[in-house]
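S.K.: Pasting a structure below so you can have a look.
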Number of protein chains: 2
Amino acid sequence: MRNNQPLENASTLRPFPLRGWEITIGGLVDSQRRIDAESLTKMDQVDREMVLQCCGNGRSLFAQTVQAKGTQWTRGGMGNVRVTGVLLSTVLEKLGVRVGSRARYLTAGGKDHALPGKDDFEHSLPLDEVLQHSLLALNMNGRPIPAVHGGPVRLMTPGFYGTMHIKWLTDLRFEAEETNNGNHIPRYRTPRSPIAPGTPITYTVANSKACWRMKVKSVVLWPQPGAKLAARKQHIVRGVAFNDGSARIESVLLSTDRGQTWNTTRLEKPDSPYAWYRWTYNLKLRPGQHALWTRAVDRLGRSQPLQGSIHWNPSGYEWNGVEQIGIEAT
Amino acid sequence: MRNNQPLENASTLRPFPLRGWEITIGGLVDSQRRIDAESLTKMDQVDREMVLQCCGNGRSLFAQTVQAKGTQWTRGGMGNVRVTGVLLSTVLEKLGVRVGSRARYLTAGGKDHALPGKDDFEHSLPLDEVLQHSLLALNMNGRPIPAVHGGPVRLMTPGFYGTMHIKWLTDLRFEAEETNNGNHIPRYRTPRSPIAPGTPITYTVANSKACWRMKVKSVVLWPQPGAKLAARKQHIVRGVAFNDGSARIESVLLSTDRGQTWNTTRLEKPDSPYAWYRWTYNLKLRPGQHALWTRAVDRLGRSQPLQGSIHWNPSGYEWNGVEQIGIEAT
């Protein structure tokens, strides 16, 4: 759980009530609307299994080069959830909202307030994808979304990084440009072209992009780095892989010889393209130190860089380097 | 050799003379300039080894799904050349040209004329890359560029597809938008998001992109598809790999078991990031039918889709599927 701004009475697993929770729809629309969140329960519900991942997940792995600023996540800043709610497109249709032809982005904000001296938290999302995929989520894993996780209504766009799933949703604005809110730029951006680790960069809309679509990634869940395993015994390596859901994961490869040869793992294909894929691999090791490397490839041919630090950025966002862990067989 | 428009007296390996060849620089500049190409010989020369590839190379391989329109290239629409010339940025500096702040593209055209009922041939290129990388090339492989290959001056942007290297260069225009010339749109475009093979698409600047940066790709040069090789004998498989030069090729993997395991090939790293990488692999085969699959990965983690038709487009541009050839060992 990560919040940029605390909201009063929200540090609880209990949900806020839907009734009386107001959401405003404005900006480039025919006329501004205000709805009570309870009305969402009467609209068509959809559910989506999806990976919920902080864009800073894996940040500490950049430290092989120059340490990136922020929570030093290794691999735990992610989960796989099932959310239920109403597609934004359904809400707009139901309310008869006409979005202006100049609109290119949806800017969303929540009930939480700005910290002293900072901009109130909001993000802009690309309109075409929002109109296809975003939902006003009411439930997570079969229960009303707990207040601490952004309920009663959270804007969720499957395939996007966690920061873009706006908690305690109250404001939706259709706009021609990305917001210049400090939480959207310079925060939560990466350079459009790689920069050498340690290079300072002043972000502009032109030289950077928002942390939107998740990069393809594989993670080893078992064994953990540094684990000691029985030698000459059969083990089952387990992990997950995912991307932004725009194409299926094609394969997850595993190497025990530092990339000289790669073996295909057994891959379980989830129904939802936004969910993670579980994979397993049978492993028997001679006594000694060993490296386990994994690499996912999707059907578009997108894969993980061998040295993830090629995508180094000052805030350590969007790590997706080839997973490289050391283990010992005894 | 592929020309969209013929130029009189250009079907020869002899070069046109530089003297008297005029190039105009206009559009969003402080004032229009006209130079004689001979003046380029007095400016600093640079040389670039680079892949010159038709964006339709590999087009016939899309035919596994729905045949794409155009010359049914297999793998031969490419070569590796060394060009020498003057960086565009050098020319602009030498002439004191001030490019307007609204300029985002360079549109370039040549002396060849429009075919009846068609637009004259020109392309727009992204300004930031053009100012870094494009050159007004005068020589190819140590000799003046033959007329048939676009001499005496050809605009070359290493890492870009062949159609973007404007032959018989006479016009450079700095512009705020991509040209709406029919040869730039709808020709020489691919969809921004994959479409199912056979789907018609009406290209717009928003839903498509120009054939600019070359996709990462590996090609087997020997053996050829359908070749018969001696069984149980050592052979050396040979091929090349390349991308757009914005990151180095990290590895080329080869599979003889239809993707279950992948082996790293020996890779020769050229000095120029835009040149192709030669790779070799020692192979011994049991008698019977065999598949050779190859896949390149670059340092950004960009690789080739296992089924290249995921990038299907009506004109069959930018094929970069995993190389999959069948051979026989006897």
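Residue numbering restarts at 1 for every chain of the structure tokens, chains are lettered A, B, ... in their displayed order, and ligands are numbered from 1 as they appear.
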Could you list the residues in chain B lying within 8 Å of chain A, using only C-alpha atoms, and format the result as a ChimeraX atom specification?
M.R.: /B:250,259-264,297-307,310-311
S.K.: List the spatial neighbours of Ser134 (chain A) as a PyMOL selection string - criterion: any atom at most 10 Å away, only C-alpha atoms, same-chain residues fewer than 2 positions off excluded.
M.R.: chain A and resi 85-89+125+127+129-132+136-137+155-160+165
S.K.: Name all residues at most 12 Å from Arg2 (chain B) (count only C-alpha atoms; drop same-chain ones fewer than 6 positions away) and give them as a list in words.
M.R.: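 Result of the neighbour search: Ser11, Leu52, Gln53, Cys54, Cys55, Gly56, Asn57, Gly70, Thr71, Trp73, Gly77, Met78, Val148, His149, Gly150, Gly162, Thr163, His165, Ile166 and Lys167 of chain B.
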S.K.: Neighbouring residues of Gly198 (chain A) were defined as those with any atom within 9 Å, considering only C-alpha atoms; residues of the same chain fewer than 2 positions away were excluded. Please report them as a PyMOL selection string.
M.R.: chain A and resi 65-68+195-196+200+312-314
S.K.: Mind dumping the selected residues with all heavy atoms as a PDB file, in the first residue's frame?
M.R.:
ATOM      1  N   THR A  65      24.045   0.539 -10.628  1.00  0.00           N
ATOM      2  CA  THR A  65      24.693   1.666 -11.304  1.00  0.00           C
ATOM      3  C   THR A  65      24.655   2.880 -10.372  1.00  0.00           C
ATOM      4  O   THR A  65      25.537   3.044  -9.548  1.00  0.00           O
ATOM      5  CB  THR A  65      23.983   1.949 -12.647  1.00  0.00           C
ATOM      6  OG1 THR A  65      22.584   2.030 -12.407  1.00  0.00           O
ATOM      7  CG2 THR A  65      24.262   0.845 -13.646  1.00  0.00           C
ATOM      8  N   VAL A  66      23.644   3.695 -10.469  1.00  0.00           N
ATOM      9  CA  VAL A  66      23.483   4.848  -9.578  1.00  0.00           C
ATOM     10  C   VAL A  66      22.139   4.703  -8.890  1.00  0.00           C
ATOM     11  O   VAL A  66      21.113   4.570  -9.563  1.00  0.00           O
ATOM     12  CB  VAL A  66      23.520   6.167 -10.382  1.00  0.00           C
ATOM     13  CG1 VAL A  66      23.263   7.353  -9.467  1.00  0.00           C
ATOM     14  CG2 VAL A  66      24.851   6.311 -11.106  1.00  0.00           C
ATOM     15  N   GLN A  67      22.143   4.706  -7.580  1.00  0.00           N
ATOM     16  CA  GLN A  67      20.913   4.477  -6.833  1.00  0.00           C
ATOM     17  C   GLN A  67      19.841   5.495  -7.203  1.00  0.00           C
ATOM     18  O   GLN A  67      20.103   6.691  -7.257  1.00  0.00           O
ATOM     19  CB  GLN A  67      21.203   4.529  -5.333  1.00  0.00           C
ATOM     20  CG  GLN A  67      20.000   4.109  -4.502  1.00  0.00           C
ATOM     21  CD  GLN A  67      20.401   3.773  -3.073  1.00  0.00           C
ATOM     22  OE1 GLN A  67      21.584   3.760  -2.736  1.00  0.00           O
ATOM     23  NE2 GLN A  67      19.429   3.485  -2.238  1.00  0.00           N
ATOM     24  N   ALA A  68      18.645   5.013  -7.477  1.00  0.00           N
ATOM     25  CA  ALA A  68      17.531   5.887  -7.806  1.00  0.00           C
ATOM     26  C   ALA A  68      16.798   6.266  -6.529  1.00  0.00           C
ATOM     27  O   ALA A  68      16.741   5.496  -5.582  1.00  0.00           O
ATOM     28  CB  ALA A  68      16.594   5.194  -8.789  1.00  0.00           C
ATOM     29  N   ILE A 195      19.173   7.551 -20.972  1.00  0.00           N
ATOM     30  CA  ILE A 195      20.238   8.441 -20.506  1.00  0.00           C
ATOM     31  C   ILE A 195      21.197   7.604 -19.659  1.00  0.00           C
ATOM     32  O   ILE A 195      20.792   6.590 -19.094  1.00  0.00           O
ATOM     33  CB  ILE A 195      19.691   9.631 -19.675  1.00  0.00           C
ATOM     34  CG1 ILE A 195      18.871   9.133 -18.467  1.00  0.00           C
ATOM     35  CG2 ILE A 195      18.837  10.542 -20.534  1.00  0.00           C
ATOM     36  CD1 ILE A 195      18.404  10.260 -17.545  1.00  0.00           C
ATOM     37  N   ALA A 196      22.451   8.033 -19.589  1.00  0.00           N
ATOM     38  CA  ALA A 196      23.435   7.296 -18.789  1.00  0.00           C
ATOM     39  C   ALA A 196      23.069   7.433 -17.310  1.00  0.00           C
ATOM     40  O   ALA A 196      22.630   8.503 -16.871  1.00  0.00           O
ATOM     41  CB  ALA A 196      24.835   7.836 -19.049  1.00  0.00           C
ATOM     42  N   PRO A 200      21.512  14.047 -14.866  1.00  0.00           N
ATOM     43  CA  PRO A 200      20.326  14.823 -14.493  1.00  0.00           C
ATOM     44  C   PRO A 200      19.489  15.115 -15.739  1.00  0.00           C
ATOM     45  O   PRO A 200      20.036  15.201 -16.837  1.00  0.00           O
ATOM     46  CB  PRO A 200      20.903  16.110 -13.903  1.00  0.00           C
ATOM     47  CG  PRO A 200      22.327  16.168 -14.315  1.00  0.00           C
ATOM     48  CD  PRO A 200      22.751  14.839 -14.859  1.00  0.00           C
ATOM     49  N   TRP A 312      17.746   3.388 -16.930  1.00  0.00           N
ATOM     50  CA  TRP A 312      17.916   4.160 -15.702  1.00  0.00           C
ATOM     51  C   TRP A 312      17.245   5.527 -15.818  1.00  0.00           C
ATOM     52  O   TRP A 312      17.299   6.181 -16.872  1.00  0.00           O
ATOM     53  CB  TRP A 312      19.411   4.364 -15.393  1.00  0.00           C
ATOM     54  CG  TRP A 312      19.638   5.046 -14.070  1.00  0.00           C
ATOM     55  CD1 TRP A 312      19.850   4.443 -12.863  1.00  0.00           C
ATOM     56  CD2 TRP A 312      19.675   6.465 -13.820  1.00  0.00           C
ATOM     57  NE1 TRP A 312      19.998   5.381 -11.883  1.00  0.00           N
ATOM     58  CE2 TRP A 312      19.894   6.634 -12.430  1.00  0.00           C
ATOM     59  CE3 TRP A 312      19.524   7.591 -14.615  1.00  0.00           C
ATOM     60  CZ2 TRP A 312      19.985   7.898 -11.837  1.00  0.00           C
ATOM     61  CZ3 TRP A 312      19.599   8.852 -14.029  1.00  0.00           C
ATOM     62  CH2 TRP A 312      19.843   8.989 -12.646  1.00  0.00           C
ATOM     63  N   ASN A 313      16.621   5.945 -14.743  1.00  0.00           N
ATOM     64  CA  ASN A 313      16.049   7.298 -14.654  1.00  0.00           C
ATOM     65  C   ASN A 313      16.134   7.717 -13.190  1.00  0.00           C
ATOM     66  O   ASN A 313      16.192   6.866 -12.297  1.00  0.00           O
ATOM     67  CB  ASN A 313      14.617   7.307 -15.190  1.00  0.00           C
ATOM     68  CG  ASN A 313      13.720   6.324 -14.473  1.00  0.00           C
ATOM     69  OD1 ASN A 313      13.093   6.677 -13.472  1.00  0.00           O
ATOM     70  ND2 ASN A 313      13.667   5.073 -14.922  1.00  0.00           N
ATOM     71  N   PRO A 314      16.177   9.031 -12.924  1.00  0.00           N
ATOM     72  CA  PRO A 314      16.491   9.494 -11.563  1.00  0.00           C
ATOM     73  C   PRO A 314      15.574   8.925 -10.483  1.00  0.00           C
ATOM     74  O   PRO A 314      16.010   8.718  -9.349  1.00  0.00           O
ATOM     75  CB  PRO A 314      16.334  11.014 -11.668  1.00  0.00           C
ATOM     76  CG  PRO A 314      16.591  11.326 -13.104  1.00  0.00           C
ATOM     77  CD  PRO A 314      16.057  10.164 -13.871  1.00  0.00           C
TER      78      PRO A 314
END
S.K.: Skip region 90-107 of chain B itself and residues of its chain fewer than 6 positions away, then list as a list in words all residues within 8 Å of it, counting only C-alpha atoms.
M.R.: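 The filter keeps Leu28, Val29, Asp30, Ser31, Leu40, Met43, Asp44, Glu122, His123, Ser124, Leu125, Pro126, Leu127, Asp128, Val130, Asp171, Leu172, Arg173, Phe174, Glu175, Ala176, Glu177, Glu178 and Thr179 of chain B.
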S.K.: Give me every strand (DSSP E) residue in region 220-316 of chain A, going by DSSP on the backbone, as JSON, numbers by chain.
M.R.: {"A": [220, 221, 222, 228, 229, 235, 236, 237, 238, 239, 240, 241, 242, 249, 250, 251, 252, 253, 254, 255, 261, 262, 263, 264, 266, 267, 268, 277, 278, 279, 280, 281, 282, 283, 288, 289, 290, 291, 292, 293, 294, 295, 296, 297, 298]}
S.K.: Of the candidates A:Ser272, A:Asn243, A:Gln224, A:Thr199, which shows the shortest atom-to-atom distance to Glu328 (chain A), using only C-alpha atoms?
M.R.: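 Result for the nearest residue to Glu328 (chain A): A:Gln224.
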S.K.: Please indicate the distance in Å from CA of Lys217 (chain A) to CA of Glu323 (chain B), rounded to one decimal place.
M.R.: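 Between CA of Lys217 (chain A) and CA of Glu323 (chain B) the gap works out to 23.5 Å.
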S.K.: Hey, what does DSSP flag as alpha helix (DSSP H) within region 94-202 of chain B? Can you give it to me as a list in words?
M.R.: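 Selecting the alpha helix (DSSP H) positions of region 94-202 of chain B gives Lys94, Leu95, Leu127, Asp128, Glu129, Val130, Leu131, Gln132 and His133 of chain B.
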S.K.: Quick check, in Å to one decimal: how far apart do CA of Thr41 (chain B) and CA of Pro270 (chain B) lie?
M.R.: 27.1 Å
